[in-house]
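Visitor: What follows is target06.txt, made up of compact mmCIF, C-alpha atoms (C1' of nucleotides):
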# COMPACT_ATOMS: atom_id res chain seq x y z
CA MET E 1 190.33 23.29 89.04
CA ALA E 2 192.34 23.17 92.21
CA ALA E 3 192.48 26.01 94.68
CA PRO E 4 195.65 28.02 95.07
CA THR E 5 197.69 26.55 97.82
CA PHE E 6 199.45 29.48 99.43
CA GLU E 7 201.46 26.96 101.37
CA HIS E 8 204.56 27.93 103.23
CA ALA E 9 202.79 30.11 105.72
CA GLY E 10 206.14 31.11 107.12
CA SER E 11 206.81 33.60 104.36
CA ILE E 12 203.54 35.39 104.88
CA GLN E 13 203.77 35.11 108.64
CA TRP E 14 207.24 36.63 108.68
CA ALA E 15 206.24 39.38 106.32
CA LEU E 16 203.24 40.19 108.47
CA ASP E 17 205.33 40.21 111.62
CA LEU E 18 207.32 43.05 110.10
CA ILE E 19 204.81 44.98 108.06
CA GLY E 20 201.47 43.65 109.26
CA ASP E 21 200.44 46.43 111.58
CA ARG E 22 198.33 49.43 110.83
CA TRP E 23 201.17 51.90 110.31
CA THR E 24 204.16 50.19 108.75
CA ILE E 25 202.81 49.93 105.23
CA LEU E 26 201.66 53.53 105.33
CA ILE E 27 205.10 54.63 106.49
CA VAL E 28 206.78 52.74 103.67
CA ARG E 29 204.37 54.26 101.20
CA ALA E 30 205.14 57.73 102.52
CA VAL E 31 208.86 57.13 102.12
CA PHE E 32 208.18 55.98 98.56
CA ARG E 33 206.41 59.25 97.98
CA GLY E 34 209.45 61.22 98.97
CA LEU E 35 208.93 61.89 102.67
CA HIS E 36 212.16 61.01 104.41
CA ARG E 37 212.22 62.98 107.67
CA PHE E 38 210.66 62.24 111.00
CA ASP E 39 208.48 65.31 111.22
CA ASP E 40 207.39 65.16 107.61
CA LEU E 41 206.24 61.61 108.14
CA ARG E 42 204.52 62.50 111.35
CA ARG E 43 202.61 65.35 109.78
CA ASP E 44 201.65 63.42 106.68
CA LEU E 45 200.44 60.34 108.50
CA THR E 46 199.11 62.03 111.65
CA ILE E 47 200.82 59.31 113.61
CA SER E 48 201.93 59.72 117.20
CA ARG E 49 205.60 60.34 117.85
CA PRO E 50 206.27 57.22 119.93
CA VAL E 51 204.67 54.90 117.40
CA LEU E 52 206.49 56.49 114.48
CA ALA E 53 209.82 56.27 116.29
CA ASP E 54 209.18 52.64 117.15
CA ARG E 55 208.16 51.68 113.61
CA LEU E 56 211.07 53.48 112.01
CA ALA E 57 213.51 51.79 114.36
CA ARG E 58 211.97 48.44 113.60
CA LEU E 59 212.10 49.02 109.85
CA VAL E 60 215.74 50.05 110.09
CA ASP E 61 216.43 47.02 112.26
CA CYS E 62 215.05 44.58 109.75
CA GLY E 63 216.66 46.27 106.77
CA VAL E 64 213.71 47.87 105.01
CA LEU E 65 214.86 51.42 105.71
CA GLU E 66 218.27 52.96 106.09
CA ARG E 67 218.88 55.72 108.63
CA ARG E 68 221.19 58.24 107.09
CA ARG E 69 222.64 61.37 108.63
CA TYR E 70 222.04 64.33 106.39
CA GLN E 71 223.65 66.98 108.58
CA GLN E 72 225.80 67.38 111.65
CA ARG E 73 225.48 69.99 114.35
CA PRO E 74 222.85 69.22 115.23
CA GLU E 75 222.73 65.66 114.01
CA ARG E 76 219.75 65.04 111.80
CA PHE E 77 218.68 61.82 110.17
CA GLU E 78 216.51 60.79 107.31
CA TYR E 79 215.14 57.48 106.21
CA ARG E 80 215.67 55.90 102.82
CA LEU E 81 214.39 52.70 101.32
CA THR E 82 216.87 49.88 100.91
CA ALA E 83 216.56 47.37 98.07
CA MET E 84 214.51 45.28 100.45
CA GLY E 85 212.21 48.23 100.99
CA ILE E 86 211.88 49.09 97.33
CA GLU E 87 210.81 45.55 96.63
CA LEU E 88 207.84 46.04 98.89
CA SER E 89 206.28 47.95 96.03
CA PRO E 90 204.36 44.95 94.62
CA ILE E 91 202.61 44.69 97.97
CA LEU E 92 201.73 48.37 97.91
CA VAL E 93 200.54 48.06 94.34
CA ALA E 94 198.40 45.05 95.14
CA LEU E 95 196.88 46.72 98.20
CA MET E 96 196.20 49.87 96.28
CA ARG E 97 194.58 48.17 93.33
CA TRP E 98 192.39 46.03 95.52
CA GLY E 99 191.36 48.89 97.74
CA ASP E 100 190.65 51.08 94.78
CA ILE E 101 188.52 48.53 92.98
CA TRP E 102 186.55 47.24 95.95
CA LEU E 103 186.47 49.99 98.49
CA SER E 104 186.06 53.24 96.60
CA ASP E 105 183.39 55.07 98.54
CA ASP E 106 180.98 56.00 95.77
CA ASN E 107 182.17 56.55 92.24
CA GLY E 108 185.81 56.65 93.19
CA PRO E 109 188.54 56.45 90.60
CA GLU E 110 188.64 53.14 88.85
CA THR E 111 192.17 53.31 87.58
CA VAL E 112 194.80 54.67 89.87
CA LEU E 113 198.06 53.30 88.58
CA ILE E 114 199.15 54.25 85.11
CA HIS E 115 202.28 53.82 83.11
CA GLY E 116 204.36 56.97 83.41
CA GLU E 117 205.61 56.79 79.84
CA CYS E 118 202.36 56.23 77.99
CA GLY E 119 199.60 57.07 80.45
CA HIS E 120 197.78 53.79 80.10
CA PRO E 121 196.66 51.64 83.02
CA LEU E 122 198.98 49.19 84.68
CA ASP E 123 198.17 45.59 85.45
CA GLN E 124 199.79 43.28 87.96
CA PRO E 125 199.30 39.77 86.62
CA LEU E 126 200.87 36.49 87.56
CA VAL E 127 203.11 35.48 84.71
CA CYS E 128 204.86 32.29 83.76
CA TRP E 129 207.72 33.44 81.52
CA THR E 130 208.34 29.89 80.39
CA CYS E 131 204.85 29.40 79.00
CA ASN E 132 204.57 33.13 78.28
CA THR E 133 201.08 33.21 79.74
CA THR E 134 199.31 34.87 82.59
CA VAL E 135 198.12 32.59 85.35
CA SER E 136 194.96 32.84 87.42
CA PRO E 137 195.09 32.39 91.21
CA PHE E 138 193.88 28.88 90.60
CA GLY E 139 196.88 27.98 88.48
CA ILE E 140 199.30 28.36 91.36
CA ARG E 141 201.21 25.57 93.02
CA SER E 142 203.82 25.96 95.69
CA ARG E 143 207.17 24.41 96.15
CA PRO E 144 208.64 22.70 98.11
CA THR E 145 205.80 22.15 100.51
CA GLY E 146 204.61 19.04 98.79
CA PRO E 147 201.56 18.27 96.69
CA ASP E 148 198.65 20.61 96.94
CA PRO E 149 196.03 19.66 99.55
CA THR E 150 193.41 19.77 96.82
CA GLY E 151 191.17 22.21 98.55
CA ASP E 152 187.71 21.32 97.34
CA PRO E 153 186.67 23.81 94.70
CA SER E 154 184.37 26.50 96.01
CA MET V 1 213.96 58.96 87.38
CA ALA V 2 211.04 59.98 89.49
CA ALA V 3 209.89 58.03 92.49
CA PRO V 4 206.67 56.07 92.35
CA THR V 5 203.91 58.20 93.69
CA PHE V 6 201.57 55.82 95.45
CA GLU V 7 199.16 58.67 95.74
CA HIS V 8 195.57 58.16 96.67
CA ALA V 9 196.28 56.98 100.17
CA GLY V 10 192.60 56.26 100.63
CA SER V 11 192.78 53.03 98.72
CA ILE V 12 195.60 51.67 100.82
CA GLN V 13 194.17 53.10 104.00
CA TRP V 14 190.82 51.47 103.40
CA ALA V 15 192.36 48.19 102.47
CA LEU V 16 194.46 48.24 105.61
CA ASP V 17 191.46 49.09 107.74
CA LEU V 18 189.92 45.83 106.63
CA ILE V 19 192.85 43.49 106.23
CA GLY V 20 195.65 45.30 107.98
CA ASP V 21 195.72 43.46 111.26
CA ARG V 22 197.78 40.51 112.22
CA TRP V 23 195.15 37.83 111.61
CA THR V 24 192.93 38.79 108.71
CA ILE V 25 195.38 38.01 105.94
CA LEU V 26 196.22 34.70 107.52
CA ILE V 27 192.53 33.83 107.76
CA VAL V 28 191.99 34.66 104.10
CA ARG V 29 194.99 32.58 103.19
CA ALA V 30 193.63 29.64 105.17
CA VAL V 31 190.28 29.89 103.39
CA PHE V 32 192.15 29.93 100.07
CA ARG V 33 193.83 26.73 101.19
CA GLY V 34 190.50 25.00 101.66
CA LEU V 35 189.74 25.56 105.33
CA HIS V 36 186.17 26.74 105.55
CA ARG V 37 184.91 25.91 109.04
CA PHE V 38 185.32 27.74 112.28
CA ASP V 39 187.12 25.03 114.18
CA ASP V 40 189.35 24.06 111.28
CA LEU V 41 190.50 27.65 111.01
CA ARG V 42 190.98 27.92 114.73
CA ARG V 43 193.12 24.81 114.85
CA ASP V 44 195.17 25.71 111.81
CA LEU V 45 195.91 29.26 112.89
CA THR V 46 196.00 28.68 116.65
CA ILE V 47 193.91 31.81 116.98
CA SER V 48 191.65 32.50 119.92
CA ARG V 49 187.92 31.96 119.49
CA PRO V 50 186.82 35.54 120.12
CA VAL V 51 189.31 37.01 117.68
CA LEU V 52 188.46 34.50 114.97
CA ALA V 53 184.75 35.11 115.42
CA ASP V 54 185.29 38.85 115.26
CA ARG V 55 187.47 38.71 112.14
CA LEU V 56 185.14 36.35 110.31
CA ALA V 57 182.18 38.55 111.08
CA ARG V 58 184.07 41.58 109.87
CA LEU V 59 185.15 39.84 106.67
CA VAL V 60 181.57 38.74 106.01
CA ASP V 61 180.38 42.25 106.75
CA CYS V 62 182.65 43.87 104.22
CA GLY V 63 182.04 41.24 101.56
CA VAL V 64 185.30 39.33 101.47
CA LEU V 65 183.77 36.13 102.83
CA GLU V 66 180.35 34.61 102.50
CA ARG V 67 178.76 32.75 105.42
CA ARG V 68 176.94 29.76 104.06
CA ARG V 69 174.86 27.20 105.95
CA TYR V 70 175.97 23.72 105.06
CA GLN V 71 173.60 21.81 107.35
CA GLN V 72 170.55 22.29 109.51
CA ARG V 73 169.78 20.68 112.84
CA PRO V 74 172.06 21.85 114.24
CA GLU V 75 172.75 24.81 112.05
CA ARG V 76 176.32 24.85 110.86
CA PHE V 77 178.06 27.43 108.74
CA GLU V 78 181.11 27.63 106.58
CA TYR V 79 182.99 30.53 105.05
CA ARG V 80 183.69 30.93 101.36
CA LEU V 81 185.58 33.57 99.45
CA THR V 82 183.55 35.99 97.39
CA ALA V 83 184.91 37.50 94.19
CA MET V 84 186.20 40.34 96.32
CA GLY V 85 187.99 37.81 98.48
CA ILE V 86 189.47 35.87 95.61
CA GLU V 87 190.92 39.07 94.23
CA LEU V 88 192.94 39.46 97.38
CA SER V 89 195.25 36.84 95.94
CA PRO V 90 197.67 39.34 94.38
CA ILE V 91 198.25 40.73 97.86
CA LEU V 92 198.90 37.27 99.26
CA VAL V 93 201.22 36.50 96.38
CA ALA V 94 203.13 39.74 96.85
CA LEU V 95 203.46 39.19 100.59
CA MET V 96 204.57 35.64 100.09
CA ARG V 97 207.15 36.42 97.46
CA TRP V 98 208.62 39.27 99.45
CA GLY V 99 208.71 37.30 102.67
CA ASP V 100 210.23 34.35 100.94
CA ILE V 101 212.97 36.32 99.23
CA TRP V 102 213.92 38.58 102.11
CA LEU V 103 213.04 36.75 105.26
CA SER V 104 213.87 33.10 104.71
CA ASP V 105 215.74 32.13 107.84
CA ASP V 106 218.88 30.60 106.36
CA ASN V 107 218.82 28.80 103.05
CA GLY V 108 215.06 28.79 102.82
CA PRO V 109 213.31 28.02 99.59
CA GLU V 110 213.95 30.63 96.96
CA THR V 111 211.04 29.86 94.71
CA VAL V 112 207.74 29.16 96.31
CA LEU V 113 205.15 29.87 93.67
CA ILE V 114 205.20 27.84 90.51
CA HIS V 115 202.93 27.46 87.55
CA GLY V 116 200.72 24.44 88.13
CA GLU V 117 200.70 23.44 84.48
CA CYS V 118 204.40 23.58 83.72
CA GLY V 119 206.15 23.68 87.07
CA HIS V 120 208.16 26.80 86.35
CA PRO V 121 208.39 29.79 88.65
CA LEU V 122 205.79 32.51 88.59
CA ASP V 123 206.50 36.20 88.43
CA GLN V 124 204.27 39.10 89.42
CA PRO V 125 205.37 42.04 87.30
CA LEU V 126 203.76 45.35 86.61
CA VAL V 127 202.63 45.31 83.01
CA CYS V 128 201.45 47.95 80.60
CA TRP V 129 199.44 46.00 78.06
CA THR V 130 199.41 48.98 75.72
CA CYS V 131 203.17 49.17 75.46
CA ASN V 132 203.47 45.46 76.07
CA THR V 133 206.29 46.02 78.54
CA THR V 134 206.93 45.42 82.17
CA VAL V 135 207.27 48.51 84.33
CA SER V 136 209.55 49.09 87.29
CA PRO V 137 208.22 50.69 90.48
CA PHE V 138 209.75 53.91 89.24
CA GLY V 139 207.66 53.93 86.09
CA ILE V 140 204.42 54.35 87.99
CA ARG V 141 202.22 57.41 87.97
CA SER V 142 198.87 57.70 89.60
CA ARG V 143 195.64 59.16 88.42
CA PRO V 144 193.67 61.30 89.19
CA THR V 145 195.50 62.75 92.15
CA GLY V 146 197.27 65.31 90.06
CA PRO V 147 200.87 65.61 88.92
CA ASP V 148 203.44 63.66 90.82
CA PRO V 149 205.05 65.55 93.68
CA THR V 150 208.45 64.83 92.14
CA GLY V 151 209.82 63.03 95.13
CA ASP V 152 213.50 63.83 95.03
CA PRO V 153 215.32 60.83 93.66
CA SER V 154 216.89 58.69 96.33
C1' DG K 1 172.48 11.28 131.38
C1' DA K 2 177.25 11.91 130.42
C1' DC K 3 180.12 12.97 126.63
C1' DG K 4 181.48 14.87 122.11
C1' DT K 5 181.09 18.34 118.34
C1' DA K 6 180.37 22.78 116.13
C1' DG K 7 180.10 27.56 116.57
C1' DG K 8 180.09 30.79 118.94
C1' DT K 9 179.74 34.71 123.47
C1' DT K 10 181.23 36.62 127.98
C1' DC K 11 184.66 38.00 131.11
C1' DG K 12 188.82 39.57 133.44
C1' DT K 13 193.65 40.35 132.64
C1' DG K 14 197.70 41.89 130.44
C1' DA K 15 199.95 43.86 126.43
C1' DT K 16 199.59 47.89 122.73
C1' DT K 17 198.74 52.32 121.44
C1' DC K 18 197.64 56.74 122.14
C1' DG K 19 198.18 61.94 122.90
C1' DA K 20 200.46 65.16 125.90
C1' DA K 21 204.36 66.60 127.81
C1' DC K 22 209.16 66.82 128.18
C1' DC K 23 214.15 66.87 126.60
C1' DG K 24 218.60 68.08 124.12
C1' DA K 25 221.12 70.19 120.66
C1' DC K 26 221.37 73.51 117.74
C1' DT K 27 219.96 78.10 114.89
C1' DC K 28 217.85 82.43 114.35
C1' DC K 29 216.20 86.86 115.78
C1' DG K 30 216.44 91.05 118.41
C1' DC S 1 222.73 87.66 126.03
C1' DG S 2 217.81 85.72 126.16
C1' DG S 3 213.78 83.79 124.01
C1' DA S 4 211.55 81.35 120.27
C1' DG S 5 211.72 77.89 116.76
C1' DT S 6 213.25 73.34 114.59
C1' DC S 7 214.21 68.56 114.55
C1' DG S 8 214.23 64.08 116.42
C1' DG S 9 213.22 61.80 119.57
C1' DT S 10 211.85 59.66 124.97
C1' DT S 11 208.78 59.28 129.07
C1' DC S 12 204.40 58.85 131.16
C1' DG S 13 199.66 57.73 132.47
C1' DA S 14 195.17 56.66 130.41
C1' DA S 15 192.44 54.18 127.03
C1' DT S 16 192.00 50.53 123.88
C1' DC S 17 192.71 45.91 122.15
C1' DA S 18 193.77 41.06 122.05
C1' DC S 19 194.21 37.14 124.65
C1' DG S 20 193.02 32.51 127.02
C1' DA S 21 189.67 30.39 130.07
C1' DA S 22 185.29 29.47 130.86
C1' DC S 23 180.63 29.23 129.57
C1' DC S 24 176.50 28.49 126.41
C1' DT S 25 173.28 26.38 122.86
C1' DA S 26 171.84 22.75 120.07
C1' DC S 27 172.26 18.59 118.50
C1' DG S 28 173.94 13.45 118.09
C1' DT S 29 175.78 9.25 120.39
C1' DC S 30 176.90 5.83 123.77
Would you write the structure of this file as structure tokens?
Guide:
Amino acid sequence: MAAPTFEHAGSIQWALDLIGDRWTILIVRAVFRGLHRFDDLRRDLTISRPVLADRLARLVDCGVLERRRYQQRPERFEYRLTAMGIELSPILVALMRWGDIWLSDDNGPETVLIHGECGHPLDQPLVCWTCNTTVSPFGIRSRPTGPDPTGDPS
Amino acid sequence: MAAPTFEHAGSIQWALDLIGDRWTILIVRAVFRGLHRFDDLRRDLTISRPVLADRLARLVDCGVLERRRYQQRPERFEYRLTAMGIELSPILVALMRWGDIWLSDDNGPETVLIHGECGHPLDQPLVCWTCNTTVSPFGIRSRPTGPDPTGDPS
DNA sequence: GACGTAGGTTCGTGATTCGAACCGACTCCG
DNA sequence: CGGAGTCGGTTCGAATCACGAACCTACGTC
């Protein structure tokens, strides 16, 4: 059984350059939750004004958020997720599930994410739609970065 | 259509406290790829010695990595993923897929992760095994943090 | 005994991040 | 009219963090 390769560091590196600091993910999550205004975000996250302003500008710059004027006189702006931002949700889901399973302080909740329609737990598997099977982390290869380096099995 | 809630910030907050800096994820990824020794990691990541030592110690502390002696005289150690560490893979996958789709510089590779057995692309959906359906980010509720705050639809 | 390797620690500097304070444009209240 | 409040920031000086360079230990090798 070969190890997962996780080649193509660039993708992860780039992603981390944008969202790999302590606040950005939490900001995106807050916007998901319906907080769109500067002061709402600041209160909810207890983040300092300069850092929030910087992160929001960066997220708008790279296309994760959209800055939208919601009134004139005085001009006021709110932040909305773009398609690029909405597609961050698998990362949020993965972080949340992992944190919930492994880091719950004592007898924390075991199942956080549930299906809105039926109320049953959600899973986030790797799926090959061609084989119609779920795939373990050890069934991954990467393309086009060549053959896997055959990391010796742990 | 209600927004996803992503309640229970604690889970994400805790996860980010451990793995939310610029290096930790990259270190975990490198260990996944088969790099287990201090100097191999340092060379691969071009990370400074103090930071690598600090991150490895922290990861061992919190149970993501295991420090294992692989020889005596002189004592030498290597780092292996624990179960907790292996289960970080959904986060790596999500980061990688997002970065690859949205951040590839020009005509970068569109499909990085493929099924080792069949060579077809892998997907990482949200699945409700009870309904046997995939769920969009907007079909998520969270438990037990109460009813969703009905984030106004974007 | 000089050199190489493996796995770190110590140290001083320079970049981040922080809270506190300030600012500008406007509204509301009296 | 004057003062307070709201919203969305920017500026500033102090504290924290991450960095490379150098050093250290313990061993093997030439």
Visitor: List as a PDB file with C-alpha atoms (C1' of nucleotides), in the frame of the given file: which residues have an atom within 10 Å of (197.9, 56.5, 123.0), counting all atoms listed in the file?
Guide:
ATOM      1  CA  SER E  48     201.930  59.720 117.200  1.00  0.00           C
ATOM      2  CA  PRO E  50     206.270  57.220 119.930  1.00  0.00           C
ATOM      3  CA  VAL E  51     204.670  54.900 117.400  1.00  0.00           C
TER       4      VAL E  51
ATOM      5  C1'  DT K  16     199.590  47.890 122.730  1.00  0.00           C
ATOM      6  C1'  DT K  17     198.740  52.320 121.440  1.00  0.00           C
ATOM      7  C1'  DC K  18     197.640  56.740 122.140  1.00  0.00           C
ATOM      8  C1'  DG K  19     198.180  61.940 122.900  1.00  0.00           C
ATOM      9  C1'  DA K  20     200.460  65.160 125.900  1.00  0.00           C
TER      10       DA K  20
ATOM     11  C1'  DG S  13     199.660  57.730 132.470  1.00  0.00           C
ATOM     12  C1'  DA S  14     195.170  56.660 130.410  1.00  0.00           C
ATOM     13  C1'  DA S  15     192.440  54.180 127.030  1.00  0.00           C
ATOM     14  C1'  DT S  16     192.000  50.530 123.880  1.00  0.00           C
TER      15       DT S  16
END
Visitor: What lies within 7 Å of Gly116 of chain V using only C-alpha atoms (C1' of nucleotides), ignoring chain neighbours under 5 positions off, as a ChimeraX atom specification?
Guide: /E:139-141
Visitor: Can you work out which residues from chain V touch chain E at a cut-off of 7 Å (counting only C-alpha atoms) and hand them back as a ChimeraX atom specification?
Guide: /V:3-6,11-12,14-16,20-22,29,32-34,80,84,88-91,94-96,98-100,102-103,111-116,120-128,130,137,139-144,151-152
Visitor: Contacts from chain K to chain V, 10 Å maximum, all atoms listed in the file: show me the residue list as a ChimeraX atom specification.
Guide: /K:5-10
Visitor: What is the atom C1' of DG4 of chain K to atom CA of Leu41 of chain V distance in Å?
Guide: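 Pair atom C1' of DG4 of chain K / atom CA of Leu41 of chain V returns 19.2 Å.
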Visitor: Which one is closest to Leu65 of chain E: E:Thr46, E:Asp40, E:Ile27, E:Tyr79? Count only C-alpha atoms.
Guide: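 Comparing E:Thr46, E:Asp40, E:Ile27, E:Tyr79 against Leu65 of chain E, the winner is E:Tyr79.
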Visitor: Residues of chain S within 12 Å of chain E, counting all atoms listed in the file - could you list those as a list in words?
Guide: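 That gives the following set of residues: DT6, DC7, DG8, DG9, DT10, DT11 and DC12 of chain S.
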Visitor: Between atom CA of Arg42 of chain E and atom CA of Arg55 of chain V, what is the distance, to one decimal in Å?
Guide: 29.3 Å
Visitor: List the neighbours of DA4 of chain S out to 12 Å using only C-alpha atoms (C1' of nucleotides); skip same-chain residues closer than 3 positions along the sequence, and give me the result as a PDB file with C-alpha atoms (C1' of nucleotides), keeping the file's coordinate frame.
Guide:
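Dumped everything to result_35.pdb:
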ATOM      1  C1'  DT K  27     219.960  78.100 114.890  1.00  0.00           C
ATOM      2  C1'  DC K  28     217.850  82.430 114.350  1.00  0.00           C
ATOM      3  C1'  DC K  29     216.200  86.860 115.780  1.00  0.00           C
ATOM      4  C1'  DG K  30     216.440  91.050 118.410  1.00  0.00           C
TER       5       DG K  30
END
Visitor: Using Å and a single decimal, report how far atom C1' of DA18 of chain S sits from atom CA of Leu59 of chain E.
Guide: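 We find that atom CA of Leu59 of chain E and atom C1' of DA18 of chain S lie 23.4 Å from each other.
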Visitor: Since the input is missing atoms for segment 120-146 of chain E, could you rebuild it with N, CA and C atoms and give the result as a PDB file, keeping the file's coordinate frame?
Guide:
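In the end it all went to part_20.pdb:
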ATOM      1  N   HIS E 120     198.808  54.823  80.086  1.00  0.00           N
ATOM      2  CA  HIS E 120     197.780  53.790  80.100  1.00  0.00           C
ATOM      3  C   HIS E 120     197.839  52.998  81.409  1.00  0.00           C
ATOM      4  N   PRO E 121     196.739  52.331  81.724  1.00  0.00           N
ATOM      5  CA  PRO E 121     196.660  51.640  83.020  1.00  0.00           C
ATOM      6  C   PRO E 121     197.688  50.522  83.147  1.00  0.00           C
ATOM      7  N   LEU E 122     198.066  50.284  84.385  1.00  0.00           N
ATOM      8  CA  LEU E 122     198.980  49.190  84.680  1.00  0.00           C
ATOM      9  C   LEU E 122     198.227  48.000  85.235  1.00  0.00           C
ATOM     10  N   ASP E 123     198.723  46.829  84.913  1.00  0.00           N
ATOM     11  CA  ASP E 123     198.170  45.590  85.450  1.00  0.00           C
ATOM     12  C   ASP E 123     199.259  44.899  86.256  1.00  0.00           C
ATOM     13  N   GLN E 124     198.832  44.014  87.133  1.00  0.00           N
ATOM     14  CA  GLN E 124     199.790  43.280  87.960  1.00  0.00           C
ATOM     15  C   GLN E 124     199.450  41.796  87.911  1.00  0.00           C
ATOM     16  N   PRO E 125     199.714  41.161  86.781  1.00  0.00           N
ATOM     17  CA  PRO E 125     199.300  39.770  86.620  1.00  0.00           C
ATOM     18  C   PRO E 125     200.338  38.814  87.217  1.00  0.00           C
ATOM     19  N   LEU E 126     199.911  37.570  87.328  1.00  0.00           N
ATOM     20  CA  LEU E 126     200.870  36.490  87.560  1.00  0.00           C
ATOM     21  C   LEU E 126     201.312  35.988  86.202  1.00  0.00           C
ATOM     22  N   VAL E 127     202.599  35.852  86.014  1.00  0.00           N
ATOM     23  CA  VAL E 127     203.110  35.480  84.710  1.00  0.00           C
ATOM     24  C   VAL E 127     204.060  34.291  84.823  1.00  0.00           C
ATOM     25  N   CYS E 128     203.880  33.345  83.923  1.00  0.00           N
ATOM     26  CA  CYS E 128     204.860  32.290  83.760  1.00  0.00           C
ATOM     27  C   CYS E 128     205.651  32.613  82.494  1.00  0.00           C
ATOM     28  N   TRP E 129     206.906  33.002  82.670  1.00  0.00           N
ATOM     29  CA  TRP E 129     207.720  33.440  81.520  1.00  0.00           C
ATOM     30  C   TRP E 129     208.095  32.259  80.642  1.00  0.00           C
ATOM     31  N   THR E 130     208.023  31.061  81.201  1.00  0.00           N
ATOM     32  CA  THR E 130     208.340  29.890  80.390  1.00  0.00           C
ATOM     33  C   THR E 130     207.228  29.619  79.380  1.00  0.00           C
ATOM     34  N   CYS E 131     205.985  29.625  79.890  1.00  0.00           N
ATOM     35  CA  CYS E 131     204.850  29.400  79.000  1.00  0.00           C
ATOM     36  C   CYS E 131     204.434  30.698  78.294  1.00  0.00           C
ATOM     37  N   ASN E 132     204.947  31.834  78.808  1.00  0.00           N
ATOM     38  CA  ASN E 132     204.570  33.130  78.280  1.00  0.00           C
ATOM     39  C   ASN E 132     203.056  33.358  78.370  1.00  0.00           C
ATOM     40  N   THR E 133     202.502  32.989  79.532  1.00  0.00           N
ATOM     41  CA  THR E 133     201.080  33.210  79.740  1.00  0.00           C
ATOM     42  C   THR E 133     200.864  33.819  81.119  1.00  0.00           C
ATOM     43  N   THR E 134     199.709  34.438  81.264  1.00  0.00           N
ATOM     44  CA  THR E 134     199.310  34.870  82.590  1.00  0.00           C
ATOM     45  C   THR E 134     198.563  33.737  83.261  1.00  0.00           C
ATOM     46  N   VAL E 135     198.633  33.711  84.592  1.00  0.00           N
ATOM     47  CA  VAL E 135     198.120  32.590  85.350  1.00  0.00           C
ATOM     48  C   VAL E 135     197.099  33.106  86.355  1.00  0.00           C
ATOM     49  N   SER E 136     195.962  32.447  86.441  1.00  0.00           N
ATOM     50  CA  SER E 136     194.960  32.840  87.420  1.00  0.00           C
ATOM     51  C   SER E 136     195.377  32.341  88.798  1.00  0.00           C
ATOM     52  N   PRO E 137     194.747  32.872  89.863  1.00  0.00           N
ATOM     53  CA  PRO E 137     195.090  32.390  91.210  1.00  0.00           C
ATOM     54  C   PRO E 137     194.927  30.886  91.343  1.00  0.00           C
ATOM     55  N   PHE E 138     194.135  30.310  90.480  1.00  0.00           N
ATOM     56  CA  PHE E 138     193.880  28.880  90.600  1.00  0.00           C
ATOM     57  C   PHE E 138     194.886  28.043  89.819  1.00  0.00           C
ATOM     58  N   GLY E 139     195.840  28.712  89.188  1.00  0.00           N
ATOM     59  CA  GLY E 139     196.880  27.980  88.480  1.00  0.00           C
ATOM     60  C   GLY E 139     198.180  27.916  89.264  1.00  0.00           C
ATOM     61  N   ILE E 140     198.101  28.302  90.534  1.00  0.00           N
ATOM     62  CA  ILE E 140     199.300  28.360  91.360  1.00  0.00           C
ATOM     63  C   ILE E 140     199.542  27.031  92.066  1.00  0.00           C
ATOM     64  N   ARG E 141     200.772  26.598  92.088  1.00  0.00           N
ATOM     65  CA  ARG E 141     201.210  25.570  93.020  1.00  0.00           C
ATOM     66  C   ARG E 141     202.335  26.160  93.847  1.00  0.00           C
ATOM     67  N   SER E 142     202.696  25.465  94.912  1.00  0.00           N
ATOM     68  CA  SER E 142     203.820  25.960  95.690  1.00  0.00           C
ATOM     69  C   SER E 142     204.857  24.883  95.848  1.00  0.00           C
ATOM     70  N   ARG E 143     206.065  25.319  95.955  1.00  0.00           N
ATOM     71  CA  ARG E 143     207.170  24.410  96.150  1.00  0.00           C
ATOM     72  C   ARG E 143     207.967  24.947  97.325  1.00  0.00           C
ATOM     73  N   PRO E 144     208.564  24.153  98.167  1.00  0.00           N
ATOM     74  CA  PRO E 144     208.640  22.700  98.110  1.00  0.00           C
ATOM     75  C   PRO E 144     207.729  22.049  99.113  1.00  0.00           C
ATOM     76  N   THR E 145     206.617  22.656  99.431  1.00  0.00           N
ATOM     77  CA  THR E 145     205.800  22.150 100.510  1.00  0.00           C
ATOM     78  C   THR E 145     204.893  21.012 100.084  1.00  0.00           C
ATOM     79  N   GLY E 146     205.324  20.251  99.127  1.00  0.00           N
ATOM     80  CA  GLY E 146     204.610  19.040  98.790  1.00  0.00           C
ATOM     81  C   GLY E 146     203.409  19.267  97.902  1.00  0.00           C
TER      82      GLY E 146
END
